[in-house]
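Source file: my_file_39.cif. Holds: mmCIF, C-alpha atoms.
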```
data_coords
#
loop_
_atom_site.label_atom_id
_atom_site.label_comp_id
_atom_site.auth_asym_id
_atom_site.auth_seq_id
_atom_site.Cartn_x
_atom_site.Cartn_y
_atom_site.Cartn_z
CA MET A 1162 56.33 -22.92 -17.10
CA LYS A 1163 53.35 -25.23 -16.53
CA ASN A 1164 55.32 -28.07 -18.17
CA LEU A 1165 57.60 -27.99 -15.13
CA LEU A 1166 54.66 -29.06 -12.98
CA PHE A 1167 54.59 -32.53 -14.57
CA PRO A 1168 57.99 -33.81 -13.34
CA LEU A 1169 57.66 -31.78 -10.14
CA GLY A 1170 54.29 -33.39 -9.40
CA ALA A 1171 55.71 -36.86 -10.07
CA VAL A 1172 58.68 -36.30 -7.75
CA LEU A 1173 56.38 -34.91 -5.03
CA ILE A 1174 54.11 -37.97 -5.22
CA TRP A 1175 57.11 -40.33 -5.08
CA SER A 1176 58.57 -38.38 -2.14
CA ILE A 1177 55.31 -38.75 -0.22
CA ASN A 1178 55.38 -42.44 -1.12
CA SER A 1179 58.63 -42.87 0.86
CA VAL A 1180 56.69 -41.66 3.91
CA VAL A 1181 53.80 -43.98 3.01
CA SER A 1182 56.27 -46.88 2.83
CA LYS A 1183 57.50 -46.04 6.32
CA LEU A 1184 53.93 -45.82 7.64
CA ALA A 1185 53.15 -49.20 6.05
CA ALA A 1186 55.83 -50.89 8.18
CA GLY A 1187 53.86 -52.59 10.94
CA ALA A 1188 50.47 -51.69 9.45
CA ILE A 1189 50.60 -54.35 6.73
CA ASP A 1190 53.03 -57.01 5.55
CA PRO A 1191 55.49 -55.72 2.89
CA GLY A 1192 54.55 -58.62 0.61
CA ALA A 1193 50.88 -57.73 0.92
CA ILE A 1194 51.14 -54.02 0.14
CA SER A 1195 53.52 -54.76 -2.75
CA PHE A 1196 50.90 -57.05 -4.29
CA TYR A 1197 47.88 -54.87 -3.48
CA ARG A 1198 49.59 -51.80 -4.91
CA TRP A 1199 50.17 -53.21 -8.37
CA ALA A 1200 46.99 -55.31 -8.42
CA LEU A 1201 44.97 -52.15 -7.77
CA ALA A 1202 46.83 -50.27 -10.51
CA LEU A 1203 46.20 -53.18 -12.90
CA ILE A 1204 42.47 -53.27 -12.10
CA LEU A 1205 42.09 -49.51 -12.64
CA LEU A 1206 44.11 -49.41 -15.87
CA THR A 1207 42.62 -52.51 -17.51
CA PRO A 1208 39.31 -50.96 -18.72
CA PHE A 1209 41.29 -48.27 -20.58
CA LEU A 1210 44.25 -50.29 -21.85
CA LEU A 1211 43.22 -53.91 -22.34
CA LEU A 1212 41.96 -53.51 -25.94
CA PRO A 1213 44.78 -51.18 -27.11
CA VAL A 1214 47.35 -53.54 -25.57
CA TRP A 1215 45.63 -56.57 -27.13
CA ARG A 1216 46.07 -54.97 -30.56
CA GLN A 1217 49.80 -54.85 -29.83
CA ARG A 1218 49.95 -58.56 -28.93
CA ALA A 1219 52.32 -59.43 -31.81
CA VAL A 1220 54.89 -56.89 -30.55
CA ILE A 1221 54.35 -58.00 -26.96
CA LYS A 1222 54.91 -61.65 -27.89
CA GLN A 1223 58.14 -60.71 -29.62
CA HIS A 1224 59.44 -58.83 -26.54
CA VAL A 1225 57.71 -60.77 -23.77
CA TRP A 1226 60.89 -61.71 -21.88
CA LYS A 1227 62.12 -58.13 -21.89
CA LEU A 1228 58.80 -56.93 -20.45
CA PHE A 1229 58.94 -59.76 -17.90
CA ILE A 1230 62.41 -58.74 -16.68
CA LEU A 1231 61.41 -55.05 -16.54
CA GLY A 1232 58.34 -56.02 -14.51
CA LEU A 1233 60.53 -58.08 -12.19
CA LEU A 1234 62.97 -55.22 -11.57
CA GLY A 1235 60.59 -52.25 -11.50
CA MET A 1236 57.40 -53.66 -10.00
CA GLY A 1237 58.76 -56.72 -8.23
CA PHE A 1238 62.13 -55.92 -6.67
CA TYR A 1239 62.30 -52.15 -6.30
CA GLN A 1240 59.30 -51.21 -4.20
CA SER A 1241 59.02 -54.59 -2.44
CA LEU A 1242 62.57 -54.28 -1.10
CA ALA A 1243 61.83 -50.69 -0.06
CA TYR A 1244 58.82 -51.85 1.99
CA TYR A 1245 61.02 -54.40 3.81
CA ALA A 1246 63.77 -51.79 4.32
CA ALA A 1247 61.24 -49.37 5.85
CA TYR A 1248 61.15 -51.48 9.02
CA THR A 1249 64.63 -50.35 10.00
CA VAL A 1250 65.48 -47.18 8.03
CA SER A 1251 63.90 -43.74 8.06
CA ALA A 1252 61.86 -42.21 5.25
CA THR A 1253 64.55 -39.51 5.02
CA PHE A 1254 67.20 -42.17 4.37
CA MET A 1255 64.96 -43.78 1.75
CA GLY A 1256 64.62 -40.45 -0.02
CA ILE A 1257 68.38 -39.94 -0.11
CA ILE A 1258 68.98 -43.43 -1.52
CA ASN A 1259 66.32 -42.78 -4.17
CA SER A 1260 68.23 -39.66 -5.19
CA LEU A 1261 71.21 -41.93 -5.96
CA ILE A 1262 69.27 -43.79 -8.66
CA PRO A 1263 70.19 -41.36 -11.50
CA LEU A 1264 73.89 -41.79 -10.67
CA LEU A 1265 73.58 -45.59 -10.42
CA THR A 1266 71.78 -45.52 -13.78
CA VAL A 1267 74.64 -43.60 -15.38
CA ILE A 1268 77.24 -45.97 -13.87
CA LEU A 1269 75.40 -49.06 -15.14
CA SER A 1270 75.05 -47.41 -18.55
CA ILE A 1271 78.82 -47.59 -19.04
CA PRO A 1272 79.00 -51.40 -19.46
CA VAL A 1273 75.40 -51.99 -20.63
CA LEU A 1274 74.92 -49.10 -23.07
CA ARG A 1275 78.65 -48.64 -23.69
CA ILE A 1276 78.56 -44.92 -22.96
CA ALA A 1277 81.89 -43.23 -22.36
CA PRO A 1278 82.67 -42.48 -18.70
CA THR A 1279 82.85 -38.77 -17.99
CA ILE A 1280 84.71 -36.65 -15.49
CA GLY A 1281 81.33 -35.99 -13.84
CA ILE A 1282 80.65 -39.70 -13.38
CA ALA A 1283 84.09 -40.25 -11.84
CA LEU A 1284 83.86 -37.30 -9.42
CA GLY A 1285 80.15 -37.90 -8.75
CA THR A 1286 80.71 -41.54 -7.86
CA ILE A 1287 83.51 -40.72 -5.41
CA LEU A 1288 81.52 -37.93 -3.77
CA SER A 1289 78.25 -39.84 -3.59
CA LEU A 1290 79.87 -42.94 -2.09
CA SER A 1291 81.62 -40.72 0.46
CA GLY A 1292 78.34 -39.03 1.34
CA LEU A 1293 76.54 -42.37 1.54
CA THR A 1294 79.25 -43.74 3.86
CA TRP A 1295 78.87 -40.69 6.12
CA LEU A 1296 75.08 -41.06 6.09
CA VAL A 1297 74.93 -44.81 6.78
CA SER A 1298 77.55 -44.58 9.54
CA LYS A 1299 75.70 -41.61 11.10
CA GLY A 1300 78.82 -39.49 10.83
CA ASN A 1301 81.22 -42.15 12.10
CA PRO A 1302 82.74 -44.15 9.20
CA ALA A 1303 84.90 -46.19 11.61
CA GLU A 1304 81.69 -47.55 13.14
CA LEU A 1305 80.63 -48.80 9.71
CA LEU A 1306 83.88 -50.74 9.35
CA THR A 1307 83.27 -52.35 12.74
CA HIS A 1308 79.60 -53.27 12.48
CA GLY A 1309 79.05 -53.36 8.72
CA LEU A 1310 75.99 -52.32 6.73
CA GLY A 1311 72.57 -52.76 8.34
CA ARG A 1312 69.91 -54.99 6.74
CA GLY A 1313 67.61 -52.09 5.92
CA GLU A 1314 70.36 -49.98 4.37
CA LEU A 1315 71.49 -52.92 2.26
CA LEU A 1316 67.95 -53.70 1.09
CA MET A 1317 67.36 -50.05 0.16
CA PHE A 1318 70.62 -49.87 -1.79
CA VAL A 1319 69.80 -53.10 -3.69
CA ALA A 1320 66.33 -51.66 -4.41
CA GLY A 1321 67.91 -48.52 -5.90
CA LEU A 1322 70.33 -50.65 -7.92
CA ALA A 1323 67.43 -52.76 -9.25
CA TYR A 1324 65.57 -49.65 -10.39
CA ALA A 1325 68.71 -48.21 -11.99
CA LEU A 1326 69.18 -51.46 -13.93
CA TYR A 1327 65.50 -51.24 -14.90
CA GLY A 1328 66.08 -47.80 -16.41
CA VAL A 1329 69.20 -48.89 -18.29
CA LEU A 1330 67.60 -52.03 -19.75
CA ALA A 1331 64.45 -50.12 -20.72
CA LYS A 1332 66.64 -47.72 -22.70
CA ARG A 1333 68.78 -50.45 -24.27
CA TRP A 1334 65.87 -52.63 -25.36
CA SER A 1335 63.56 -49.78 -26.45
CA VAL A 1336 60.53 -52.06 -26.68
CA PRO A 1337 58.47 -50.62 -29.59
CA LEU A 1338 55.31 -49.99 -27.56
CA PRO A 1339 53.72 -46.73 -26.40
CA GLY A 1340 55.06 -45.95 -22.91
CA ILE A 1341 51.79 -46.57 -21.09
CA HIS A 1342 51.28 -49.92 -22.89
CA SER A 1343 54.76 -51.05 -21.89
CA ILE A 1344 54.14 -50.05 -18.26
CA TYR A 1345 50.79 -51.90 -18.30
CA MET A 1346 52.44 -55.14 -19.40
CA GLN A 1347 55.18 -54.71 -16.82
CA ILE A 1348 52.49 -54.32 -14.16
CA VAL A 1349 50.81 -57.53 -15.40
CA PHE A 1350 54.07 -59.45 -14.95
CA GLY A 1351 54.78 -57.67 -11.67
CA VAL A 1352 51.45 -58.77 -10.21
CA ILE A 1353 52.01 -62.39 -11.33
CA LEU A 1354 55.50 -62.40 -9.80
CA LEU A 1355 54.22 -60.95 -6.52
CA ILE A 1356 51.52 -63.61 -5.99
CA PRO A 1357 53.91 -66.05 -4.20
CA VAL A 1358 55.17 -63.17 -2.01
CA PHE A 1359 51.58 -62.25 -1.14
CA LEU A 1360 50.64 -65.86 -0.33
CA SER A 1361 53.61 -66.18 2.03
CA ALA A 1362 52.81 -62.91 3.85
CA ASP A 1363 51.50 -62.96 7.43
CA ASN A 1364 49.41 -59.81 7.70
CA VAL A 1365 47.40 -59.35 4.47
CA ALA A 1366 44.15 -57.97 5.93
CA LEU A 1367 42.98 -54.59 4.65
CA THR A 1368 41.96 -52.44 7.61
CA ALA A 1369 41.16 -48.83 8.40
CA ASP A 1370 44.83 -48.39 9.37
CA ASN A 1371 46.30 -49.49 6.06
CA ILE A 1372 43.67 -49.08 3.32
CA GLY A 1373 44.64 -45.43 2.75
CA LEU A 1374 48.29 -46.42 2.35
CA VAL A 1375 47.37 -49.08 -0.23
CA LEU A 1376 45.17 -46.64 -2.15
CA TYR A 1377 47.89 -44.00 -2.25
CA ALA A 1378 50.54 -46.49 -3.35
CA GLY A 1379 48.27 -48.10 -5.95
CA ILE A 1380 46.73 -44.96 -7.45
CA ALA A 1381 48.94 -41.93 -6.82
CA ALA A 1382 52.39 -43.56 -6.84
CA SER A 1383 51.68 -46.29 -9.42
CA ILE A 1384 49.42 -44.49 -11.92
CA PHE A 1385 49.44 -40.71 -11.55
CA ALA A 1386 53.18 -40.26 -10.88
CA PRO A 1387 54.36 -42.36 -13.88
CA LEU A 1388 51.88 -40.57 -16.16
CA LEU A 1389 53.09 -37.16 -14.95
CA TRP A 1390 56.69 -38.27 -15.42
CA ILE A 1391 56.04 -39.48 -18.97
CA LEU A 1392 54.39 -36.13 -19.79
CA GLY A 1393 57.33 -34.29 -18.24
CA VAL A 1394 59.90 -36.28 -20.23
CA THR A 1395 57.84 -35.84 -23.43
CA ARG A 1396 57.57 -32.05 -23.06
CA LEU A 1397 60.91 -31.18 -21.44
CA GLY A 1398 63.19 -34.02 -22.51
CA ALA A 1399 64.74 -36.74 -20.35
CA ASN A 1400 67.77 -34.70 -19.23
CA ALA A 1401 65.72 -31.69 -18.10
CA ALA A 1402 63.13 -33.85 -16.33
CA SER A 1403 65.78 -35.91 -14.50
CA ILE A 1404 67.04 -32.77 -12.75
CA PHE A 1405 63.80 -32.71 -10.74
CA MET A 1406 64.76 -36.03 -9.13
CA ASN A 1407 67.35 -34.06 -7.17
CA LEU A 1408 64.47 -32.55 -5.20
CA ALA A 1409 63.33 -35.97 -3.93
CA PRO A 1410 65.53 -36.18 -0.80
CA ILE A 1411 64.71 -32.59 0.20
CA LEU A 1412 60.96 -33.05 -0.25
CA THR A 1413 61.03 -36.44 1.50
CA ALA A 1414 62.93 -35.03 4.49
CA ILE A 1415 60.46 -32.13 4.87
CA ILE A 1416 57.39 -34.39 4.57
CA ALA A 1417 58.89 -36.97 6.97
CA ALA A 1418 59.67 -34.25 9.51
CA VAL A 1419 56.08 -32.95 9.37
CA PHE A 1420 54.13 -36.22 9.32
CA LEU A 1421 56.49 -38.72 10.98
CA LYS A 1422 58.29 -36.30 13.30
CA GLU A 1423 61.60 -37.61 12.00
CA GLU A 1424 64.55 -35.56 13.23
CA LEU A 1425 66.97 -34.18 10.70
CA HIS A 1426 70.47 -34.79 12.05
CA SER A 1427 73.73 -33.25 10.90
CA TYR A 1428 74.77 -36.54 9.24
CA HIS A 1429 71.59 -36.41 7.14
CA ILE A 1430 72.43 -32.90 5.95
CA ILE A 1431 76.15 -33.53 5.37
CA GLY A 1432 75.86 -37.04 3.91
CA GLY A 1433 72.75 -36.28 1.88
CA GLY A 1434 74.21 -33.01 0.65
CA VAL A 1435 77.43 -34.67 -0.55
CA VAL A 1436 75.40 -37.42 -2.25
CA LEU A 1437 73.30 -34.77 -4.01
CA ILE A 1438 76.36 -32.80 -5.14
CA GLY A 1439 77.81 -36.01 -6.56
CA VAL A 1440 74.64 -36.76 -8.50
CA ILE A 1441 74.51 -33.19 -9.90
CA LEU A 1442 78.16 -33.35 -10.98
CA ALA A 1443 77.51 -36.65 -12.77
CA GLN A 1444 74.61 -35.00 -14.62
CA ARG A 1445 76.40 -31.74 -15.45
CA LEU A 1446 80.07 -32.52 -16.15
CA ARG A 1447 79.90 -34.42 -19.41
CA THR A 1448 83.48 -34.14 -20.64
CA PRO A 1449 84.65 -37.69 -21.50
CA LEU A 1450 87.22 -39.00 -19.04
CA THR A 1451 89.36 -40.29 -21.93
CA GLN A 1452 89.58 -36.75 -23.31
CA VAL A 1453 90.86 -35.43 -19.97
CA LEU A 1454 93.39 -38.28 -19.72
CA ARG A 1455 94.58 -37.63 -23.29
CA ARG A 1456 95.19 -33.98 -22.46
CA LYS A 1457 97.19 -34.95 -19.38
CA THR A 1458 99.21 -37.49 -21.36
CA LYS A 1459 99.95 -34.90 -24.07
CA LYS A 1460 101.00 -32.35 -21.47
CA THR A 1461 103.28 -34.85 -19.71
CA THR A 1462 104.83 -35.92 -23.02
CA SER A 1463 105.51 -32.35 -24.11
CA VAL A 1464 107.14 -31.53 -20.77
CA ASN A 1465 109.35 -34.65 -20.85
CA THR A 1466 110.36 -34.38 -24.52
CA PRO A 1467 113.99 -33.09 -24.86
CA LEU A 1468 114.55 -29.99 -26.99
#
```
Re-express the file's structure as structure tokens.
Amino acid sequence: MKNLLFPLGAVLIWSINSVVSKLAAGAIDPGAISFYRWALALILLTPFLLLPVWRQRAVIKQHVWKLFILGLLGMGFYQSLAYYAAYTVSATFMGIINSLIPLLTVILSIPVLRIAPTIGIALGTILSLSGLTWLVSKGNPAELLTHGLGRGELLMFVAGLAYALYGVLAKRWSVPLPGIHSIYMQIVFGVILLIPVFLSADNVALTADNIGLVLYAGIAASIFAPLLWILGVTRLGANAASIFMNLAPILTAIIAAVFLKEELHSYHIIGGGVVLIGVILAQRLRTPLTQVLRRKTKKTTSVNTPL
């Protein structure tokens, strides 16, 4: 039972981080908090990991471009885009988009990992896109066709897509490093990549209003949550641990309502609920789509064959 606390704790920390991202909008430039977050994590991890990682330098050299791309997607694009999106979207919306990441990961796995599409993926994709349309349009899809997708919604969706691609590539490449060593090197590259973003930022000053946000993002969300997640995956398995990600939008909505006074509207509940059902179906219904189509073809053939 206590093993369940590892993925649950990670999801709770990440859910709170969506609220932190919203609070950071206006308190500090998105480019600044993106850099400070990973720079702080790097500083805190270096005393423990520098020597062990140095001993793995031959492996790192062999896979340096893979680690660079993972750092770009996971530490560079994903959270940075979320900080920019937070200016115009709610923390509740961010939590719902984050819950889409497992489905996006599965969809990207079809061409990248060559996994067979399943009935769950097909139904889940249709349902989740329908729910997302209802959510983004605030319950009026016709309005979405007229005015299009907002900048914040688009940035948040691209952020989720970047993280889904990160997960797929990490699985495909399987860099032969201990998980924490791989994450450390990705953070190194992430910090280097974020330096130009930081230098171009307007408001980079650390103040009483934003220092707590930076500390939470850099310590809780960047160190503790990944460690808890790795422990959860190790002890429960990836499939069992991933189920806990379905709690992210619910936890985020509750925390946002308490601390940000965000109102939960009917379109949040309906759209978010449909998205969540779609994600669960994609995880649970694993019958290959080709198998279902073959059965239908056989049935049609037998009905049409003359006696």
* Asked: Near Ser1176 (chain A), within 8 Å and counting only C-alpha atoms, which residues show up once chain neighbours fewer than 6 positions away are dropped, as a VMD selection string?
  -> chain A and resid 1256 1409 to 1410 1412 to 1413 1416
Output file for the selection above: C-alpha atoms, as a compact mmCIF listing (two decimals), keeping the file's coordinate frame:
```
# COMPACT_ATOMS: atom_id res chain seq x y z
CA GLY A 1256 64.62 -40.45 -0.02
CA ALA A 1409 63.33 -35.97 -3.93
CA PRO A 1410 65.53 -36.18 -0.80
CA LEU A 1412 60.96 -33.05 -0.25
CA THR A 1413 61.03 -36.44 1.50
CA ILE A 1416 57.39 -34.39 4.57
```
* To do: Would you mind listing what lies within 8 Å of region 1268-1277 of chain A as a PyMOL selection string, with all atoms listed in the file counted and same-chain residues fewer than 3 positions away left out?
  => chain A and resi 1264-1265+1282+1325-1326+1329-1330+1333+1449-1450
So what does the PyMOL selection byres ((chain A and resi 1400-1408) around 8) actually pick up in this one, as an mmCIF file with C-alpha atoms, in the frame of the given file?
```
data_model
loop_
_atom_site.group_PDB
_atom_site.id
_atom_site.type_symbol
_atom_site.label_atom_id
_atom_site.label_comp_id
_atom_site.auth_asym_id
_atom_site.auth_seq_id
_atom_site.Cartn_x
_atom_site.Cartn_y
_atom_site.Cartn_z
ATOM 1 C CA PRO A 1168 57.990 -33.810 -13.340
ATOM 2 C CA LEU A 1169 57.660 -31.780 -10.140
ATOM 3 C CA VAL A 1172 58.680 -36.300 -7.750
ATOM 4 C CA SER A 1260 68.230 -39.660 -5.190
ATOM 5 C CA PRO A 1263 70.190 -41.360 -11.500
ATOM 6 C CA TRP A 1390 56.690 -38.270 -15.420
ATOM 7 C CA GLY A 1393 57.330 -34.290 -18.240
ATOM 8 C CA VAL A 1394 59.900 -36.280 -20.230
ATOM 9 C CA LEU A 1397 60.910 -31.180 -21.440
ATOM 10 C CA GLY A 1398 63.190 -34.020 -22.510
ATOM 11 C CA ALA A 1399 64.740 -36.740 -20.350
ATOM 12 C CA ALA A 1409 63.330 -35.970 -3.930
ATOM 13 C CA PRO A 1410 65.530 -36.180 -0.800
ATOM 14 C CA ILE A 1411 64.710 -32.590 0.200
ATOM 15 C CA LEU A 1412 60.960 -33.050 -0.250
ATOM 16 C CA LEU A 1437 73.300 -34.770 -4.010
ATOM 17 C CA VAL A 1440 74.640 -36.760 -8.500
ATOM 18 C CA ILE A 1441 74.510 -33.190 -9.900
#
```
* Asked: Which residues match the PyMOL selection byres ((chain A and resi 1364) around 8) in the file above, as an NGL selection string?
  -> :A and (1189-1190 or 1193 or 1362-1363 or 1365-1366)
* Using all atoms listed in the file: which of A:Gly1170, A:Gly1235, A:Gly1432, A:Pro1357 has the shortest distance to Thr1294 (chain A) ->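 So, comparing all the options, the nearest one is A:Gly1432.
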* Picked residues, the PyMOL selection byres ((chain A and resi 1374) around 12), expected as a PyMOL selection string -> chain A and resi 1177-1189+1191+1193-1195+1197-1198+1244+1367-1373+1375-1382
* Find the residues with any atom within 7 Å of (56.3, -52.1, -12.7); use all atoms listed in the file and the coordinates as given in the file, and write the answer as JSON, numbers by chain. => {"A": [1232, 1235, 1236, 1237, 1344, 1347, 1348, 1351]}
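CA of Thr1266 (chain A) is positioned 16.7 Å from CA of Gln1240 (chain A).
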